[in-house]
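Shown next: coords.txt, containing compact mmCIF, C-alpha atoms.
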# COMPACT_ATOMS: atom_id res chain seq x y z
CA MET V 1 -26.83 -3.56 -15.63
CA ASP V 2 -23.20 -4.71 -15.66
CA PHE V 3 -21.47 -6.62 -12.90
CA PHE V 4 -19.99 -3.59 -11.15
CA SER V 5 -23.01 -1.27 -11.32
CA GLY V 6 -24.88 -3.72 -9.11
CA PHE V 7 -22.43 -2.91 -6.32
CA ARG V 8 -23.07 0.82 -6.79
CA ASP V 9 -26.87 0.76 -6.86
CA PRO V 10 -28.21 3.71 -4.79
CA ALA V 11 -31.48 1.85 -4.19
CA ILE V 12 -29.53 -0.85 -2.33
CA ALA V 13 -27.06 1.53 -0.72
CA ARG V 14 -29.77 3.71 0.85
CA PRO V 15 -31.14 1.11 3.32
CA LEU V 16 -27.60 0.03 4.21
CA LEU V 17 -26.76 3.63 5.08
CA GLU V 18 -29.95 3.89 7.14
CA LYS V 19 -28.97 0.72 9.00
CA ILE V 20 -25.57 2.19 9.85
CA ARG V 21 -27.17 5.42 11.07
CA ALA V 22 -29.85 3.61 13.08
CA ALA V 23 -27.35 1.35 14.81
CA GLY V 24 -26.09 4.28 16.84
CA ARG V 25 -22.85 2.42 17.50
CA GLY V 26 -19.95 4.48 16.24
CA VAL V 27 -16.85 2.90 14.72
CA ARG V 28 -13.40 4.41 14.58
CA PHE V 29 -12.09 2.31 11.71
CA MET V 30 -8.93 2.26 9.64
CA GLU V 31 -8.77 1.01 6.09
CA VAL V 32 -5.43 -0.44 5.10
CA CYS V 33 -5.43 0.03 1.36
CA GLY V 34 -4.94 3.05 -0.84
CA THR V 35 -7.64 1.78 -3.19
CA HIS V 36 -10.13 1.80 -0.30
CA THR V 37 -8.99 5.34 0.56
CA VAL V 38 -9.84 6.56 -2.91
CA ALA V 39 -13.03 4.45 -3.19
CA ILE V 40 -14.51 5.93 -0.01
CA PHE V 41 -13.94 9.48 -1.22
CA GLN V 42 -14.75 8.89 -4.90
CA SER V 43 -18.09 7.23 -4.11
CA GLY V 44 -19.12 10.05 -1.76
CA LEU V 45 -19.41 7.69 1.23
CA HIS V 46 -17.15 9.91 3.31
CA SER V 47 -19.76 12.68 3.32
CA LEU V 48 -22.77 10.34 3.68
CA LEU V 49 -21.63 8.43 6.76
CA PRO V 50 -22.74 9.68 10.18
CA GLU V 51 -20.23 11.58 12.30
CA ASN V 52 -19.73 8.69 14.69
CA ILE V 53 -18.27 6.58 11.85
CA VAL V 54 -14.72 7.88 11.90
CA HIS V 55 -12.59 6.98 8.91
CA LEU V 56 -8.80 6.79 9.35
CA THR V 57 -6.46 6.06 6.49
CA GLY V 58 -3.64 3.65 7.18
CA PRO V 59 -0.31 2.50 5.74
CA GLY V 60 -1.83 1.00 2.61
CA CYS V 61 -0.19 3.03 -0.12
CA PRO V 62 2.98 1.33 -1.39
CA VAL V 63 4.61 4.55 -2.50
CA CYS V 64 3.74 6.35 0.74
CA VAL V 65 5.27 3.74 3.05
CA THR V 66 8.55 3.58 1.13
CA HIS V 67 11.08 4.85 3.65
CA ASP V 68 13.30 7.90 3.16
CA ALA V 69 16.33 5.60 3.28
CA GLU V 70 14.90 3.51 0.44
CA VAL V 71 14.20 6.63 -1.60
CA ALA V 72 17.82 7.68 -1.01
CA ALA V 73 18.96 4.22 -2.15
CA TYR V 74 17.14 4.27 -5.48
CA MET V 75 18.23 7.86 -6.07
CA GLU V 76 21.83 6.72 -5.51
CA ALA V 77 21.32 3.86 -7.97
CA ALA V 78 19.89 6.26 -10.56
CA GLY V 79 23.06 8.34 -10.36
CA LYS V 80 25.40 5.48 -11.26
CA ASP V 81 26.96 5.11 -14.70
CA GLY V 82 25.63 2.30 -16.84
CA VAL V 83 22.37 2.04 -14.90
CA ILE V 84 18.86 2.33 -16.32
CA MET V 85 16.16 2.66 -13.67
CA ALA V 86 12.76 1.11 -14.41
CA THR V 87 9.90 2.19 -12.17
CA PHE V 88 6.18 2.59 -11.84
CA GLY V 89 5.17 6.19 -12.52
CA ASP V 90 4.01 7.00 -8.98
CA LEU V 91 7.61 7.03 -7.73
CA MET V 92 8.78 9.65 -10.20
CA LYS V 93 7.78 12.68 -8.13
CA VAL V 94 8.43 11.36 -4.62
CA PRO V 95 10.80 13.82 -2.95
CA GLY V 96 14.06 12.37 -1.73
CA PRO V 97 16.75 13.71 0.59
CA GLY V 98 17.76 17.15 -0.59
CA GLY V 99 14.48 17.63 -2.45
CA GLY V 100 15.45 15.71 -5.58
CA SER V 101 13.26 13.10 -7.24
CA LEU V 102 13.57 10.59 -10.05
CA LYS V 103 11.89 13.14 -12.29
CA SER V 104 14.49 15.79 -11.48
CA ALA V 105 17.27 13.19 -11.78
CA GLN V 106 15.91 12.29 -15.21
CA ALA V 107 16.00 15.96 -16.18
CA ASP V 108 19.64 16.04 -15.05
CA GLY V 109 20.53 13.13 -17.30
CA ALA V 110 19.76 9.99 -15.30
CA ARG V 111 18.29 7.20 -17.40
CA VAL V 112 14.89 6.55 -15.84
CA LYS V 113 12.07 4.78 -17.64
CA VAL V 114 8.46 4.42 -16.48
CA VAL V 115 7.11 0.91 -16.94
CA TYR V 116 3.66 -0.57 -16.47
CA SER V 117 4.73 -4.04 -15.38
CA PRO V 118 7.92 -5.82 -14.23
CA PRO V 119 8.22 -7.69 -17.56
CA ASP V 120 8.52 -4.28 -19.26
CA ALA V 121 11.78 -3.89 -17.35
CA LEU V 122 12.96 -7.25 -18.70
CA LYS V 123 12.36 -5.99 -22.22
CA ILE V 124 14.54 -2.96 -21.48
CA ALA V 125 17.27 -5.29 -20.18
CA HIS V 126 17.16 -7.27 -23.44
CA GLU V 127 17.40 -4.08 -25.47
CA ASN V 128 20.34 -2.73 -23.44
CA PRO V 129 22.70 -5.67 -22.83
CA ASN V 130 25.64 -3.43 -21.87
CA ASP V 131 23.70 -1.63 -19.12
CA THR V 132 22.31 -2.73 -15.77
CA VAL V 133 18.54 -2.37 -15.61
CA VAL V 134 17.25 -1.85 -12.07
CA PHE V 135 13.56 -2.32 -11.33
CA ILE V 136 12.33 -0.59 -8.16
CA GLY V 137 10.28 -3.23 -6.33
CA VAL V 138 7.87 -1.43 -4.02
CA GLY V 139 4.48 -2.62 -2.90
CA PHE V 140 2.86 -5.27 -0.79
CA GLU V 141 1.98 -8.95 -1.19
CA THR V 142 -0.03 -7.89 -4.23
CA THR V 143 2.97 -6.99 -6.39
CA ALA V 144 5.66 -9.24 -4.93
CA PRO V 145 4.50 -12.45 -6.70
CA GLY V 146 4.61 -10.73 -10.09
CA ILE V 147 8.12 -9.47 -9.44
CA ALA V 148 9.18 -12.92 -8.23
CA ALA V 149 7.82 -14.38 -11.48
CA THR V 150 9.79 -11.79 -13.46
CA VAL V 151 12.99 -12.72 -11.63
CA LYS V 152 12.42 -16.35 -12.54
CA MET V 153 11.79 -15.31 -16.16
CA ALA V 154 15.12 -13.42 -16.15
CA GLU V 155 16.82 -16.54 -14.80
CA ALA V 156 15.25 -18.74 -17.46
CA GLN V 157 16.29 -16.29 -20.17
CA GLY V 158 19.85 -16.07 -18.84
CA LEU V 159 19.64 -12.30 -18.30
CA SER V 160 22.48 -11.11 -16.09
CA ASN V 161 21.84 -7.35 -16.39
CA PHE V 162 18.39 -7.34 -14.73
CA LYS V 163 18.33 -6.41 -11.02
CA VAL V 164 15.65 -5.54 -8.45
CA LEU V 165 15.63 -3.23 -5.47
CA SER V 166 13.43 -5.28 -3.16
CA PHE V 167 11.62 -2.78 -0.95
CA HIS V 168 8.46 -4.87 -0.61
CA LYS V 169 6.37 -4.63 2.53
CA LEU V 170 4.11 -7.18 4.24
CA VAL V 171 0.78 -6.03 5.66
CA PRO V 172 0.14 -8.32 8.69
CA PRO V 173 3.34 -7.31 10.55
CA ALA V 174 2.43 -3.64 10.02
CA LEU V 175 -1.01 -4.17 11.55
CA ARG V 176 0.60 -5.86 14.51
CA ALA V 177 2.97 -2.91 14.92
CA LEU V 178 0.10 -0.41 14.74
CA LEU V 179 -1.96 -2.23 17.36
CA SER V 180 1.08 -2.49 19.62
CA ASP V 181 1.30 1.31 19.66
CA PRO V 182 -0.41 2.50 22.88
CA GLU V 183 -1.29 5.80 21.19
CA MET V 184 -3.32 4.10 18.48
CA ALA V 185 -7.06 4.59 18.81
CA VAL V 186 -8.36 2.23 16.14
CA GLU V 187 -11.40 0.11 17.00
CA ALA V 188 -11.61 -1.91 13.81
CA PHE V 189 -10.06 -2.51 10.39
CA ILE V 190 -11.33 -2.74 6.85
CA LEU V 191 -8.70 -5.04 5.35
CA PRO V 192 -7.23 -4.79 1.85
CA GLY V 193 -8.97 -6.84 -0.81
CA HIS V 194 -6.02 -7.04 -3.19
CA VAL V 195 -3.45 -8.16 -0.62
CA SER V 196 -5.97 -10.57 0.89
CA ALA V 197 -6.52 -12.22 -2.50
CA VAL V 198 -2.90 -13.38 -2.21
CA ILE V 199 -2.46 -14.13 1.49
CA GLY V 200 -6.06 -15.09 2.35
CA ALA V 201 -8.45 -13.88 5.03
CA ARG V 202 -7.10 -16.26 7.69
CA ALA V 203 -3.76 -14.44 7.64
CA TYR V 204 -5.37 -11.79 9.86
CA ASP V 205 -6.89 -14.03 12.54
CA PHE V 206 -4.40 -12.65 15.06
CA LEU V 207 -6.23 -9.30 15.01
CA ALA V 208 -9.22 -10.80 16.79
CA GLU V 209 -7.40 -13.51 18.72
CA GLU V 210 -4.54 -11.44 20.16
CA PHE V 211 -5.78 -7.85 19.96
CA LYS V 212 -9.56 -8.36 20.21
CA THR V 213 -9.95 -6.06 17.23
CA PRO V 214 -12.69 -6.82 14.67
CA ALA V 215 -11.81 -6.66 11.00
CA VAL V 216 -13.48 -7.27 7.64
CA VAL V 217 -11.82 -8.09 4.33
CA ALA V 218 -13.77 -5.91 1.92
CA GLY V 219 -14.16 -5.19 -1.76
CA PHE V 220 -13.87 -1.75 -3.26
CA GLU V 221 -17.40 -0.90 -4.36
CA PRO V 222 -19.71 1.27 -2.22
CA LEU V 223 -21.94 -1.64 -1.22
CA ASP V 224 -18.88 -3.69 -0.21
CA ILE V 225 -17.73 -0.92 2.12
CA LEU V 226 -21.18 -0.31 3.59
CA GLN V 227 -21.65 -3.99 4.33
CA ALA V 228 -18.20 -4.11 5.94
CA LEU V 229 -19.12 -1.21 8.21
CA ILE V 230 -22.36 -2.93 9.25
CA LEU V 231 -20.42 -6.09 10.09
CA LEU V 232 -17.95 -4.07 12.16
CA GLN V 233 -20.79 -2.33 14.00
CA GLU V 234 -22.41 -5.66 14.80
CA MET V 235 -19.19 -7.20 16.12
CA LEU V 236 -18.45 -4.17 18.30
CA GLU V 237 -22.03 -4.06 19.57
CA LYS V 238 -21.92 -7.73 20.57
CA GLY V 239 -18.36 -7.57 21.89
CA GLU V 240 -17.47 -10.51 19.65
CA PRO V 241 -14.42 -9.57 17.58
CA ALA V 242 -13.64 -11.71 14.56
CA VAL V 243 -12.06 -11.49 11.14
CA LEU V 244 -14.79 -11.74 8.51
CA ASN V 245 -14.50 -12.03 4.76
CA GLN V 246 -16.98 -9.82 2.92
CA TYR V 247 -15.05 -10.10 -0.38
CA THR V 248 -15.69 -13.80 -0.96
CA ARG V 249 -16.11 -13.30 -4.71
CA VAL V 250 -12.35 -12.67 -4.89
CA VAL V 251 -10.70 -13.65 -1.58
CA ALA V 252 -10.39 -17.23 -0.39
CA ASP V 253 -9.70 -18.00 3.25
CA GLU V 254 -6.32 -19.51 2.37
CA GLY V 255 -5.49 -17.05 -0.43
CA ASN V 256 -3.69 -17.84 -3.65
CA ARG V 257 -1.35 -20.74 -2.92
CA LYS V 258 0.48 -20.48 -6.27
CA ALA V 259 1.28 -16.80 -5.71
CA GLN V 260 2.39 -17.52 -2.16
CA ALA V 261 4.69 -20.32 -3.35
CA LEU V 262 6.20 -18.13 -6.05
CA MET V 263 6.90 -15.36 -3.58
CA ALA V 264 8.40 -17.78 -1.05
CA ASP V 265 10.62 -19.39 -3.69
CA VAL V 266 12.41 -16.13 -4.58
CA PHE V 267 12.13 -14.10 -1.36
CA GLU V 268 12.43 -14.60 2.36
CA THR V 269 11.15 -12.33 5.10
CA CYS V 270 13.41 -9.68 6.58
CA ASP V 271 13.10 -6.61 8.77
CA ALA V 272 12.00 -3.55 6.82
CA ARG V 273 11.81 0.20 7.31
CA TRP V 274 8.40 1.86 6.98
CA ARG V 275 7.89 5.58 6.63
CA GLY V 276 6.55 6.96 9.88
CA ILE V 277 6.55 3.61 11.66
CA GLY V 278 10.20 2.62 11.61
CA VAL V 279 11.68 -0.85 11.44
CA ILE V 280 9.10 -3.64 11.71
CA PRO V 281 10.51 -7.14 12.25
CA GLY V 282 9.70 -9.61 9.49
CA SER V 283 7.80 -7.08 7.41
CA GLY V 284 9.96 -7.03 4.27
CA LEU V 285 11.15 -9.38 1.55
CA ALA V 286 14.82 -10.02 0.74
CA PHE V 287 16.25 -12.27 -1.96
CA ARG V 288 16.96 -15.85 -0.98
CA GLY V 289 20.57 -16.92 -1.42
CA GLU V 290 20.00 -18.66 -4.75
CA TYR V 291 18.57 -15.45 -6.23
CA GLU V 292 20.99 -12.95 -4.72
CA ARG V 293 22.52 -12.20 -8.12
CA PHE V 294 19.32 -10.28 -8.90
CA ASP V 295 19.70 -8.08 -5.81
CA ALA V 296 20.44 -4.53 -7.02
CA MET V 297 21.67 -3.43 -3.58
CA LYS V 298 24.45 -6.01 -3.65
CA ALA V 299 25.22 -5.63 -7.35
CA LEU V 300 25.63 -1.85 -7.09
CA GLY V 301 27.21 -1.76 -3.63
CA ILE V 302 24.38 0.31 -2.13
CA GLU V 303 23.40 0.22 1.54
CA LEU V 304 20.43 1.71 3.34
CA ARG V 305 21.66 4.66 5.37
CA ASP V 306 20.03 7.02 7.78
CA VAL V 307 18.93 10.20 6.06
CA PRO V 308 17.20 13.29 7.46
CA PRO V 309 13.40 13.22 7.12
CA LEU V 310 11.69 15.55 4.68
CA PRO V 311 11.45 18.97 6.42
CA GLY V 312 7.98 19.57 7.83
CA CYS V 313 6.50 16.45 6.27
CA ARG V 314 3.87 14.71 8.46
CA CYS V 315 3.23 11.75 6.14
CA GLY V 316 4.33 9.38 8.90
CA ASP V 317 1.57 10.57 11.23
CA VAL V 318 -0.96 10.43 8.39
CA LEU V 319 -0.01 6.81 7.65
CA LYS V 320 -0.54 5.87 11.31
CA GLY V 321 -3.99 7.49 11.38
CA LYS V 322 -2.84 10.07 13.92
CA LEU V 323 -3.22 13.11 11.67
CA PRO V 324 -5.96 13.72 9.09
CA PRO V 325 -4.31 15.06 5.93
CA ASN V 326 -6.26 18.31 6.04
CA LYS V 327 -4.97 19.00 9.56
CA CYS V 328 -1.36 18.98 8.39
CA PRO V 329 0.00 22.56 8.49
CA LEU V 330 1.41 22.11 4.99
CA PHE V 331 -1.80 20.75 3.37
CA LYS V 332 -2.91 22.85 0.39
CA LYS V 333 -0.52 25.60 1.44
CA VAL V 334 2.96 24.52 0.49
CA CYS V 335 2.13 20.85 -0.20
CA THR V 336 0.02 20.23 -3.31
CA PRO V 337 0.00 17.57 -6.06
CA ALA V 338 1.86 20.02 -8.29
CA LYS V 339 4.52 20.56 -5.63
CA PRO V 340 4.36 17.72 -3.11
CA VAL V 341 6.35 17.86 0.10
CA GLY V 342 5.76 14.19 0.92
CA PRO V 343 4.71 10.98 -0.84
CA CYS V 344 1.13 10.96 0.51
CA MET V 345 0.48 13.96 -1.76
CA VAL V 346 2.23 12.30 -4.71
CA SER V 347 0.67 8.90 -5.10
CA THR V 348 -2.74 8.42 -6.69
CA GLU V 349 -3.47 6.16 -3.71
CA GLY V 350 -2.12 8.64 -1.16
CA SER V 351 -4.59 9.93 1.41
CA CYS V 352 -3.33 13.53 1.14
CA ALA V 353 -3.79 13.44 -2.63
CA ALA V 354 -7.31 12.03 -2.14
CA TYR V 355 -8.23 14.73 0.37
CA PHE V 356 -6.92 17.33 -2.06
CA LYS V 357 -8.66 15.88 -5.13
CA TYR V 358 -12.05 15.57 -3.44
CA ASN V 359 -11.68 18.92 -1.68
CA LEU V 360 -12.19 17.56 1.82
CA GLU V 361 -11.91 20.29 4.42
CA SER V 362 -13.37 18.45 7.40
For this file, write the structure as structure tokens.
Amino acid sequence: MDFFSGFRDPAIARPLLEKIRAAGRGVRFMEVCGTHTVAIFQSGLHSLLPENIVHLTGPGCPVCVTHDAEVAAYMEAAGKDGVIMATFGDLMKVPGPGGGSLKSAQADGARVKVVYSPPDALKIAHENPNDTVVFIGVGFETTAPGIAATVKMAEAQGLSNFKVLSFHKLVPPALRALLSDPEMAVEAFILPGHVSAVIGARAYDFLAEEFKTPAVVAGFEPLDILQALILLQEMLEKGEPAVLNQYTRVVADEGNRKAQALMADVFETCDARWRGIGVIPGSGLAFRGEYERFDAMKALGIELRDVPPLPGCRCGDVLKGKLPPNKCPLFKKVCTPAKPVGPCMVSTEGSCAAYFKYNLES
């Protein structure tokens, strides 16, 4: 038995499932990570859990939460002469204003390259000294330290043609915004393991202290998720909300101090736009003054501008847990992975794509 199979053992999962069913206490929970979204469906837990355990997907997919205005900005950058765009593959098919995407822009002649890490973009910058290489920086606290490290590498190497569109998002301010919405009906959270490895479990204490909402930092294996649900049930049953760390094999209470310091050295917090949620104060990362020369927005003279939303797209409601993907009028009809209307159907971590892949009708 390898390390991971132990966390997928049906013989251990069965009594945990029985405990959840026997508790009788329902939980309307939201997971805030695209990897959890996929893990719950891929493992079959979605169909095994009792009906009173209601699973809502949240704003945990980095591609999905990238705002229309940010999509318009990187599409504008891709259309400029002398620019090579470097991006993770998930962004290629995200529809932008007017229906275009990086993939269609590439077909029309834009120079767009898919990379697997930020340093790959540095390599492109070295190979093309007469062009400006723009890396699209989307994602949460998980990816921001790696991009910050790449910026510092570019500085050390004296690269002047490497730039970053910093569209990073921070998870705790988004959770605060969700809980401040009077229409939200979330009782508890399963918190993202990857982000928590960087910022630490204590970064979420406000959930219990200010909002009286229980939460568990959880891993991504079936037994991790089942244990997290049991902990949530117990806290709700006792009326004792807290933030618990189930993923102690990876997540420390204080997080990864080196990654935090790296991120704080290059970036500072700023207000950021989220798809479906709007502007959330202090939820983004902008370049600090000493690193502004790496800011692609400034270097290319691009500004975020209001753009019309994608016609008919309900990704914003899906990201806020207000609309199950399969209840969207476009789901499986005009919106499919082959022809996505919105980003939640594009990304491999998108909840609409997960519902489609695992054929969830209810």
Would you mind listing what lies within 10 Å of region 9-25 of chain V as a compact mmCIF listing (two decimals) with C-alpha atoms, keeping the file's coordinate frame, with only C-alpha atoms counted and same-chain residues fewer than 3 positions away left out?
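That gives us selection.txt:
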# COMPACT_ATOMS: atom_id res chain seq x y z
CA MET V 1 -26.83 -3.56 -15.63
CA PHE V 4 -19.99 -3.59 -11.15
CA SER V 5 -23.01 -1.27 -11.32
CA GLY V 6 -24.88 -3.72 -9.11
CA LEU V 45 -19.41 7.69 1.23
CA LEU V 48 -22.77 10.34 3.68
CA LEU V 49 -21.63 8.43 6.76
CA PRO V 50 -22.74 9.68 10.18
CA GLU V 51 -20.23 11.58 12.30
CA ASN V 52 -19.73 8.69 14.69
CA ILE V 53 -18.27 6.58 11.85
CA GLU V 221 -17.40 -0.90 -4.36
CA PRO V 222 -19.71 1.27 -2.22
CA LEU V 223 -21.94 -1.64 -1.22
CA ASP V 224 -18.88 -3.69 -0.21
CA LEU V 226 -21.18 -0.31 3.59
CA GLN V 227 -21.65 -3.99 4.33
CA LEU V 229 -19.12 -1.21 8.21
CA ILE V 230 -22.36 -2.93 9.25
CA LEU V 231 -20.42 -6.09 10.09
CA LEU V 232 -17.95 -4.07 12.16
CA GLN V 233 -20.79 -2.33 14.00
CA GLU V 234 -22.41 -5.66 14.80
CA LEU V 236 -18.45 -4.17 18.30
CA GLU V 237 -22.03 -4.06 19.57
Set out as a Markdown table a contact list for region 7-94 of chain V and region 320-328 of chain V with a cut-off of 10 Å, giving each residue of region 7-94 of chain V that qualifies its closest atom pair and distance in Å to one decimal, counting all atoms listed in the file, ordered by chain and rising residue number.
| residue | atom | partner | partner_atom | distance |
| --- | --- | --- | --- | --- |
| V:Phe29 | CA | V:Gly321 | CA | 9.6 |
| V:Met30 | CA | V:Gly321 | CA | 7.4 |
| V:Glu31 | CA | V:Gly321 | CA | 9.6 |
| V:His55 | CA | V:Gly321 | CA | 9.0 |
| V:Leu56 | CA | V:Gly321 | CA | 5.3 |
| V:Thr57 | CA | V:Gly321 | CA | 5.7 |
| V:Gly58 | CA | V:Lys320 | CA | 5.6 |
| V:Pro59 | CA | V:Lys320 | CA | 6.5 |
Identify the residues within 9 Å of coordinate (21.1, -12.3, -4.5) (same frame as the file), considering all atoms listed in the file, and give the answer as an MDAnalysis selection string. chainID V and resid 286:299
Could you please give me, as a ChimeraX atom specification, the residues of protein, DNA or RNA lying at most 8 Å from (-15.1, -9.5, -0.3) in the coordinate frame of the file, considering all atoms listed in the file? /V:193,217-219,224,245-251
Taking into account only C-alpha atoms, which residue in the set V:Ser166, V:Thr87, V:Ser104, V:Thr66 is nearest to Ile124 (chain V)? V:Thr87
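In this model, the gap between CA of Val186 (chain V) and CA of Phe211 (chain V) comes to 11.1 Å.
Ranking V:Asp265, V:Asp181, V:Asp253, V:Asp205 by their shortest atom-to-atom distance to Pro145 (chain V), with all atoms listed in the file included, puts V:Asp265 first.
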Env of Leu319 (chain V): 12 Å cut, atoms = all atoms listed in the file, seq-sep filter 2 positions within chain, self excluded. Answer as a JSON list (two decimals) with C-alpha atoms, in the coordinates of the input.
[["chain", "number", "residue", "atom", "x", "y", "z"],
["V", 30, "MET", "CA", -8.93, 2.26, 9.64],
["V", 31, "GLU", "CA", -8.77, 1.01, 6.09],
["V", 32, "VAL", "CA", -5.43, -0.44, 5.10],
["V", 33, "CYS", "CA", -5.43, 0.03, 1.36],
["V", 34, "GLY", "CA", -4.94, 3.05, -0.84],
["V", 37, "THR", "CA", -8.99, 5.34, 0.56],
["V", 56, "LEU", "CA", -8.80, 6.79, 9.35],
["V", 57, "THR", "CA", -6.46, 6.06, 6.49],
["V", 58, "GLY", "CA", -3.64, 3.65, 7.18],
["V", 59, "PRO", "CA", -0.31, 2.50, 5.74],
["V", 60, "GLY", "CA", -1.83, 1.00, 2.61],
["V", 61, "CYS", "CA", -0.19, 3.03, -0.12],
["V", 62, "PRO", "CA", 2.98, 1.33, -1.39],
["V", 63, "VAL", "CA", 4.61, 4.55, -2.50],
["V", 64, "CYS", "CA", 3.74, 6.35, 0.74],
["V", 65, "VAL", "CA", 5.27, 3.74, 3.05],
["V", 66, "THR", "CA", 8.55, 3.58, 1.13],
["V", 67, "HIS", "CA", 11.08, 4.85, 3.65],
["V", 174, "ALA", "CA", 2.43, -3.64, 10.02],
["V", 175, "LEU", "CA", -1.01, -4.17, 11.55],
["V", 178, "LEU", "CA", 0.10, -0.41, 14.74],
["V", 184, "MET", "CA", -3.32, 4.10, 18.48],
["V", 274, "TRP", "CA", 8.40, 1.86, 6.98],
["V", 275, "ARG", "CA", 7.89, 5.58, 6.63],
["V", 276, "GLY", "CA", 6.55, 6.96, 9.88],
["V", 277, "ILE", "CA", 6.55, 3.61, 11.66],
["V", 278, "GLY", "CA", 10.20, 2.62, 11.61],
["V", 313, "CYS", "CA", 6.50, 16.45, 6.27],
["V", 314, "ARG", "CA", 3.87, 14.71, 8.46],
["V", 315, "CYS", "CA", 3.23, 11.75, 6.14],
["V", 316, "GLY", "CA", 4.33, 9.38, 8.90],
["V", 317, "ASP", "CA", 1.57, 10.57, 11.23],
["V", 321, "GLY", "CA", -3.99, 7.49, 11.38],
["V", 322, "LYS", "CA", -2.84, 10.07, 13.92],
["V", 323, "LEU", "CA", -3.22, 13.11, 11.67],
["V", 324, "PRO", "CA", -5.96, 13.72, 9.09],
["V", 325, "PRO", "CA", -4.31, 15.06, 5.93],
["V", 342, "GLY", "CA", 5.76, 14.19, 0.92],
["V", 343, "PRO", "CA", 4.71, 10.98, -0.84],
["V", 344, "CYS", "CA", 1.13, 10.96, 0.51],
["V", 345, "MET", "CA", 0.48, 13.96, -1.76],
["V", 349, "GLU", "CA", -3.47, 6.16, -3.71],
["V", 350, "GLY", "CA", -2.12, 8.64, -1.16],
["V", 351, "SER", "CA", -4.59, 9.93, 1.41],
["V", 352, "CYS", "CA", -3.33, 13.53, 1.14]]
With all atoms of region 201-211 of chain V from the file as input, state the centre and edge lengths in Å to one decimal of the axis-aligned box that has 3 Å extra on each side, as JSON.
{"center_x": -6.5, "center_y": -12.1, "center_z": 12.6, "size_x": 11.5, "size_y": 14.4, "size_z": 21.1}
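If you look at CA of Leu304 (chain V) and CA of Val151 (chain V), they are 22.1 Å away from each other.
Between CA of Gly137 (chain V) and CA of Arg257 (chain V) there is a distance of 21.3 Å.
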